[in-house]
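Shown next: run-v1.txt, containing compact mmCIF, N, CA and C atoms.
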```txt
# COMPACT_ATOMS: atom_id res chain seq x y z
N SER A 1 6.60 -13.99 2.28
CA SER A 1 6.49 -12.92 1.29
C SER A 1 5.18 -12.17 1.50
N MET A 2 5.17 -10.91 1.10
CA MET A 2 3.97 -10.10 1.30
C MET A 2 2.82 -10.54 0.39
N PHE A 3 3.12 -11.41 -0.60
CA PHE A 3 2.09 -11.85 -1.54
C PHE A 3 1.49 -13.20 -1.16
N GLU A 4 1.92 -13.78 -0.03
CA GLU A 4 1.39 -15.08 0.38
C GLU A 4 -0.13 -15.08 0.51
N PRO A 5 -0.75 -14.06 1.12
CA PRO A 5 -2.22 -14.07 1.20
C PRO A 5 -2.88 -14.09 -0.18
N LEU A 6 -2.29 -13.38 -1.15
CA LEU A 6 -2.84 -13.40 -2.51
C LEU A 6 -2.70 -14.79 -3.12
N LYS A 7 -1.54 -15.42 -2.90
CA LYS A 7 -1.34 -16.78 -3.43
C LYS A 7 -2.34 -17.75 -2.82
N GLU A 8 -2.60 -17.59 -1.51
CA GLU A 8 -3.56 -18.46 -0.85
C GLU A 8 -4.97 -18.24 -1.39
N THR A 9 -5.32 -16.99 -1.66
CA THR A 9 -6.64 -16.68 -2.22
C THR A 9 -6.77 -17.28 -3.61
N ILE A 10 -5.73 -17.18 -4.41
CA ILE A 10 -5.75 -17.76 -5.75
C ILE A 10 -5.90 -19.27 -5.67
N ALA A 11 -5.20 -19.90 -4.72
CA ALA A 11 -5.32 -21.35 -4.54
C ALA A 11 -6.75 -21.73 -4.14
N LEU A 12 -7.36 -20.93 -3.25
CA LEU A 12 -8.73 -21.20 -2.83
C LEU A 12 -9.69 -21.07 -4.01
N LEU A 13 -9.53 -20.01 -4.79
CA LEU A 13 -10.39 -19.84 -5.97
C LEU A 13 -10.23 -21.00 -6.93
N LYS A 14 -9.01 -21.52 -7.05
CA LYS A 14 -8.75 -22.65 -7.95
C LYS A 14 -9.54 -23.89 -7.51
N THR A 15 -9.68 -24.07 -6.17
CA THR A 15 -10.45 -25.22 -5.70
C THR A 15 -11.92 -25.13 -6.09
N TYR A 16 -12.40 -23.92 -6.38
CA TYR A 16 -13.77 -23.72 -6.82
C TYR A 16 -13.88 -23.59 -8.33
N GLY A 17 -12.80 -23.94 -9.03
CA GLY A 17 -12.84 -23.93 -10.49
C GLY A 17 -12.53 -22.59 -11.13
N GLU A 18 -12.12 -21.61 -10.35
CA GLU A 18 -11.78 -20.30 -10.90
C GLU A 18 -10.28 -20.24 -11.15
N GLU A 19 -9.89 -20.12 -12.38
CA GLU A 19 -8.47 -20.06 -12.74
C GLU A 19 -8.05 -18.63 -13.00
N MET A 20 -6.86 -18.29 -12.55
CA MET A 20 -6.27 -16.99 -12.83
C MET A 20 -5.36 -17.13 -14.05
N PRO A 21 -5.22 -16.06 -14.82
CA PRO A 21 -4.32 -16.12 -15.96
C PRO A 21 -2.88 -16.41 -15.51
N GLU A 22 -2.14 -17.08 -16.36
CA GLU A 22 -0.75 -17.43 -16.05
C GLU A 22 0.08 -16.19 -15.72
N GLU A 23 -0.27 -15.07 -16.33
CA GLU A 23 0.47 -13.81 -16.11
C GLU A 23 0.43 -13.42 -14.62
N ILE A 24 -0.68 -13.65 -13.97
CA ILE A 24 -0.79 -13.31 -12.55
C ILE A 24 0.12 -14.19 -11.72
N HIS A 25 0.16 -15.47 -12.04
CA HIS A 25 1.05 -16.38 -11.32
C HIS A 25 2.51 -15.95 -11.50
N GLN A 26 2.86 -15.54 -12.70
CA GLN A 26 4.23 -15.09 -12.96
C GLN A 26 4.54 -13.84 -12.16
N GLN A 27 3.61 -12.91 -12.09
CA GLN A 27 3.84 -11.67 -11.35
C GLN A 27 4.05 -11.96 -9.87
N LEU A 28 3.30 -12.91 -9.33
CA LEU A 28 3.45 -13.24 -7.91
C LEU A 28 4.79 -13.89 -7.62
N HIS A 29 5.32 -14.62 -8.57
CA HIS A 29 6.61 -15.27 -8.36
C HIS A 29 7.77 -14.33 -8.61
N VAL A 30 7.63 -13.43 -9.58
CA VAL A 30 8.72 -12.52 -9.94
C VAL A 30 8.75 -11.32 -9.04
N GLY A 31 7.57 -10.78 -8.66
CA GLY A 31 7.53 -9.54 -7.88
C GLY A 31 7.90 -8.38 -8.77
N GLY A 32 8.75 -7.48 -8.26
CA GLY A 32 9.20 -6.36 -9.09
C GLY A 32 8.51 -5.09 -8.69
N GLY A 33 8.91 -4.02 -9.35
CA GLY A 33 8.35 -2.72 -9.01
C GLY A 33 8.10 -1.88 -10.23
N GLY A 34 6.88 -1.89 -10.71
CA GLY A 34 6.55 -1.07 -11.86
C GLY A 34 6.14 0.32 -11.42
N ARG A 35 5.63 1.09 -12.34
CA ARG A 35 5.21 2.46 -12.04
C ARG A 35 3.71 2.48 -11.78
N ALA A 36 3.32 3.19 -10.75
CA ALA A 36 1.90 3.26 -10.40
C ALA A 36 1.36 4.68 -10.46
N ARG A 37 2.17 5.63 -10.80
CA ARG A 37 1.75 7.04 -10.77
C ARG A 37 0.62 7.29 -11.76
N GLY A 38 -0.36 8.05 -11.30
CA GLY A 38 -1.44 8.46 -12.18
C GLY A 38 -2.54 7.44 -12.32
N ARG A 39 -2.40 6.28 -11.72
CA ARG A 39 -3.43 5.26 -11.82
C ARG A 39 -4.48 5.45 -10.75
N ALA A 40 -5.71 5.27 -11.14
CA ALA A 40 -6.79 5.36 -10.16
C ALA A 40 -6.88 4.04 -9.42
N PRO A 41 -7.22 4.07 -8.13
CA PRO A 41 -7.35 2.82 -7.40
C PRO A 41 -8.53 2.02 -7.93
N CYS A 42 -8.43 0.70 -7.91
CA CYS A 42 -9.53 -0.14 -8.34
C CYS A 42 -9.62 -1.33 -7.42
N ARG A 43 -10.76 -1.98 -7.43
CA ARG A 43 -10.98 -3.11 -6.54
C ARG A 43 -10.43 -4.41 -7.13
N VAL A 44 -10.34 -4.52 -8.44
CA VAL A 44 -9.85 -5.73 -9.07
C VAL A 44 -8.35 -5.57 -9.32
N LEU A 45 -7.56 -6.52 -8.83
CA LEU A 45 -6.11 -6.45 -9.02
C LEU A 45 -5.74 -7.07 -10.35
N SER A 46 -5.14 -6.28 -11.20
CA SER A 46 -4.61 -6.81 -12.44
C SER A 46 -3.18 -7.25 -12.20
N ALA A 47 -2.60 -7.93 -13.18
CA ALA A 47 -1.21 -8.37 -13.04
C ALA A 47 -0.30 -7.16 -12.87
N ALA A 48 -0.59 -6.07 -13.57
CA ALA A 48 0.25 -4.87 -13.46
C ALA A 48 0.15 -4.27 -12.07
N SER A 49 -1.06 -4.27 -11.49
CA SER A 49 -1.19 -3.69 -10.16
C SER A 49 -0.52 -4.57 -9.11
N LEU A 50 -0.52 -5.88 -9.29
CA LEU A 50 0.21 -6.76 -8.37
C LEU A 50 1.69 -6.44 -8.41
N GLN A 51 2.20 -6.15 -9.58
CA GLN A 51 3.61 -5.82 -9.73
C GLN A 51 3.92 -4.48 -9.08
N ASP A 52 2.96 -3.57 -9.07
CA ASP A 52 3.17 -2.23 -8.54
C ASP A 52 3.00 -2.13 -7.03
N LEU A 53 2.45 -3.15 -6.40
CA LEU A 53 2.16 -3.06 -4.97
C LEU A 53 3.37 -2.72 -4.10
N PRO A 54 4.53 -3.34 -4.28
CA PRO A 54 5.67 -2.97 -3.42
C PRO A 54 6.05 -1.50 -3.56
N GLU A 55 6.04 -0.98 -4.78
CA GLU A 55 6.39 0.43 -4.98
C GLU A 55 5.32 1.34 -4.38
N GLN A 56 4.06 0.97 -4.53
CA GLN A 56 2.99 1.78 -3.96
C GLN A 56 3.09 1.82 -2.44
N TRP A 57 3.42 0.68 -1.83
CA TRP A 57 3.56 0.63 -0.38
C TRP A 57 4.72 1.51 0.08
N ASN A 58 5.85 1.44 -0.63
CA ASN A 58 6.99 2.30 -0.28
C ASN A 58 6.63 3.77 -0.42
N ASN A 59 5.91 4.12 -1.46
CA ASN A 59 5.49 5.51 -1.65
C ASN A 59 4.54 5.95 -0.54
N THR A 60 3.66 5.06 -0.11
CA THR A 60 2.74 5.38 0.99
C THR A 60 3.50 5.63 2.28
N LYS A 61 4.50 4.79 2.56
CA LYS A 61 5.31 4.98 3.77
C LYS A 61 6.07 6.30 3.72
N LYS A 62 6.63 6.64 2.56
CA LYS A 62 7.35 7.91 2.42
C LYS A 62 6.41 9.09 2.65
N LEU A 63 5.23 9.02 2.06
CA LEU A 63 4.25 10.11 2.21
C LEU A 63 3.84 10.25 3.67
N SER A 64 3.61 9.13 4.35
CA SER A 64 3.25 9.16 5.76
C SER A 64 4.33 9.85 6.59
N PHE A 65 5.58 9.53 6.32
CA PHE A 65 6.69 10.13 7.04
C PHE A 65 6.75 11.63 6.79
N GLN A 66 6.55 12.04 5.53
CA GLN A 66 6.58 13.47 5.20
C GLN A 66 5.45 14.22 5.90
N VAL A 67 4.26 13.63 5.92
CA VAL A 67 3.13 14.28 6.58
C VAL A 67 3.40 14.40 8.08
N LYS A 68 3.95 13.34 8.66
CA LYS A 68 4.26 13.37 10.09
C LYS A 68 5.24 14.50 10.40
N GLN A 69 6.25 14.68 9.55
CA GLN A 69 7.22 15.75 9.75
C GLN A 69 6.58 17.12 9.61
N ASN A 70 5.67 17.27 8.67
CA ASN A 70 5.02 18.56 8.44
C ASN A 70 4.03 18.90 9.55
N VAL A 71 3.40 17.89 10.12
CA VAL A 71 2.37 18.13 11.13
C VAL A 71 2.98 18.35 12.51
N ALA A 72 4.14 17.79 12.79
CA ALA A 72 4.74 17.88 14.13
C ALA A 72 4.85 19.32 14.64
N PRO A 73 5.36 20.27 13.85
CA PRO A 73 5.43 21.65 14.37
C PRO A 73 4.04 22.25 14.63
N LEU A 74 3.07 21.90 13.81
CA LEU A 74 1.71 22.40 14.00
C LEU A 74 1.12 21.86 15.29
N GLN A 75 1.35 20.56 15.54
CA GLN A 75 0.87 19.96 16.78
C GLN A 75 1.54 20.60 18.00
N ALA A 76 2.82 20.82 17.91
CA ALA A 76 3.54 21.45 19.03
C ALA A 76 3.00 22.84 19.30
N ASN A 77 2.70 23.58 18.26
CA ASN A 77 2.13 24.92 18.40
C ASN A 77 0.77 24.85 19.09
N GLU A 78 -0.07 23.92 18.69
CA GLU A 78 -1.39 23.77 19.31
C GLU A 78 -1.26 23.38 20.78
N VAL A 79 -0.29 22.52 21.11
CA VAL A 79 -0.06 22.14 22.51
C VAL A 79 0.30 23.39 23.33
N ASN A 80 1.16 24.23 22.78
CA ASN A 80 1.54 25.45 23.49
C ASN A 80 0.35 26.38 23.71
N ILE A 81 -0.49 26.49 22.70
CA ILE A 81 -1.70 27.33 22.82
C ILE A 81 -2.60 26.80 23.94
N LEU A 82 -2.80 25.49 23.95
CA LEU A 82 -3.65 24.88 24.98
C LEU A 82 -3.05 25.04 26.38
N ARG A 83 -1.76 24.91 26.47
CA ARG A 83 -1.10 25.09 27.78
C ARG A 83 -1.31 26.50 28.30
N ARG A 84 -1.18 27.49 27.40
CA ARG A 84 -1.38 28.89 27.82
C ARG A 84 -2.81 29.13 28.25
N LYS A 85 -3.76 28.52 27.56
CA LYS A 85 -5.17 28.71 27.91
C LYS A 85 -5.50 28.05 29.24
N CYS A 86 -4.84 26.97 29.56
CA CYS A 86 -5.14 26.22 30.79
C CYS A 86 -4.46 26.82 32.01
N GLN A 87 -3.53 27.73 31.86
CA GLN A 87 -2.81 28.30 32.99
C GLN A 87 -3.55 29.43 33.62
```
Show me this structure written as structure tokens.
Amino acid sequence: SMFEPLKETIALLKTYGEEMPEEIHQQLHVGGGGRARGRAPCRVLSAASLQDLPEQWNNTKKLSFQVKQNVAPLQANEVNILRRKCQ
């Protein structure tokens, strides 16, 4: 699962006496896809942000694909310009 590294980190923290709230453990077991729109990025993962990670990743992949499609014609145009200059 994509959350295995988080589970391992939580287990490591537990060995040092740091306990995570039960809600976080539930989120890691249930997974799911909540809404992440409009949220500012933060360094501390809350239970809600753990639940939103799969949806955020899918949105990032979609955005990357859209940008790649939009940039391809621009790159092709620049290649043609460079070819003409080099001839």
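Interatomic distance, atom C of A:Asp52 to atom C of A:Gln26: 12.9 Å.
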Length of the atom CA of A:Glu22 to atom C of A:Thr9 vector [Å]
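Computing the Euclidean distance for atom CA of A:Glu22 and atom C of A:Thr9 yields 13.8 Å.
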Test item: axis-aligned box, all listed atoms of stretch 74-84 of chain A, 5 Å on each side, centre and edges in Å rounded to one decimal, as JSON:
```
{"center_x": -0.1, "center_y": 24.5, "center_z": 21.1, "size_x": 17.2, "size_y": 19.2, "size_z": 24.5}
```
So how many Å separate atom CA of A:Lys85 and atom CA of A:Val67, to one decimal?
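Computed distance, atom CA of A:Lys85 to atom CA of A:Val67, equals 27.1 Å.
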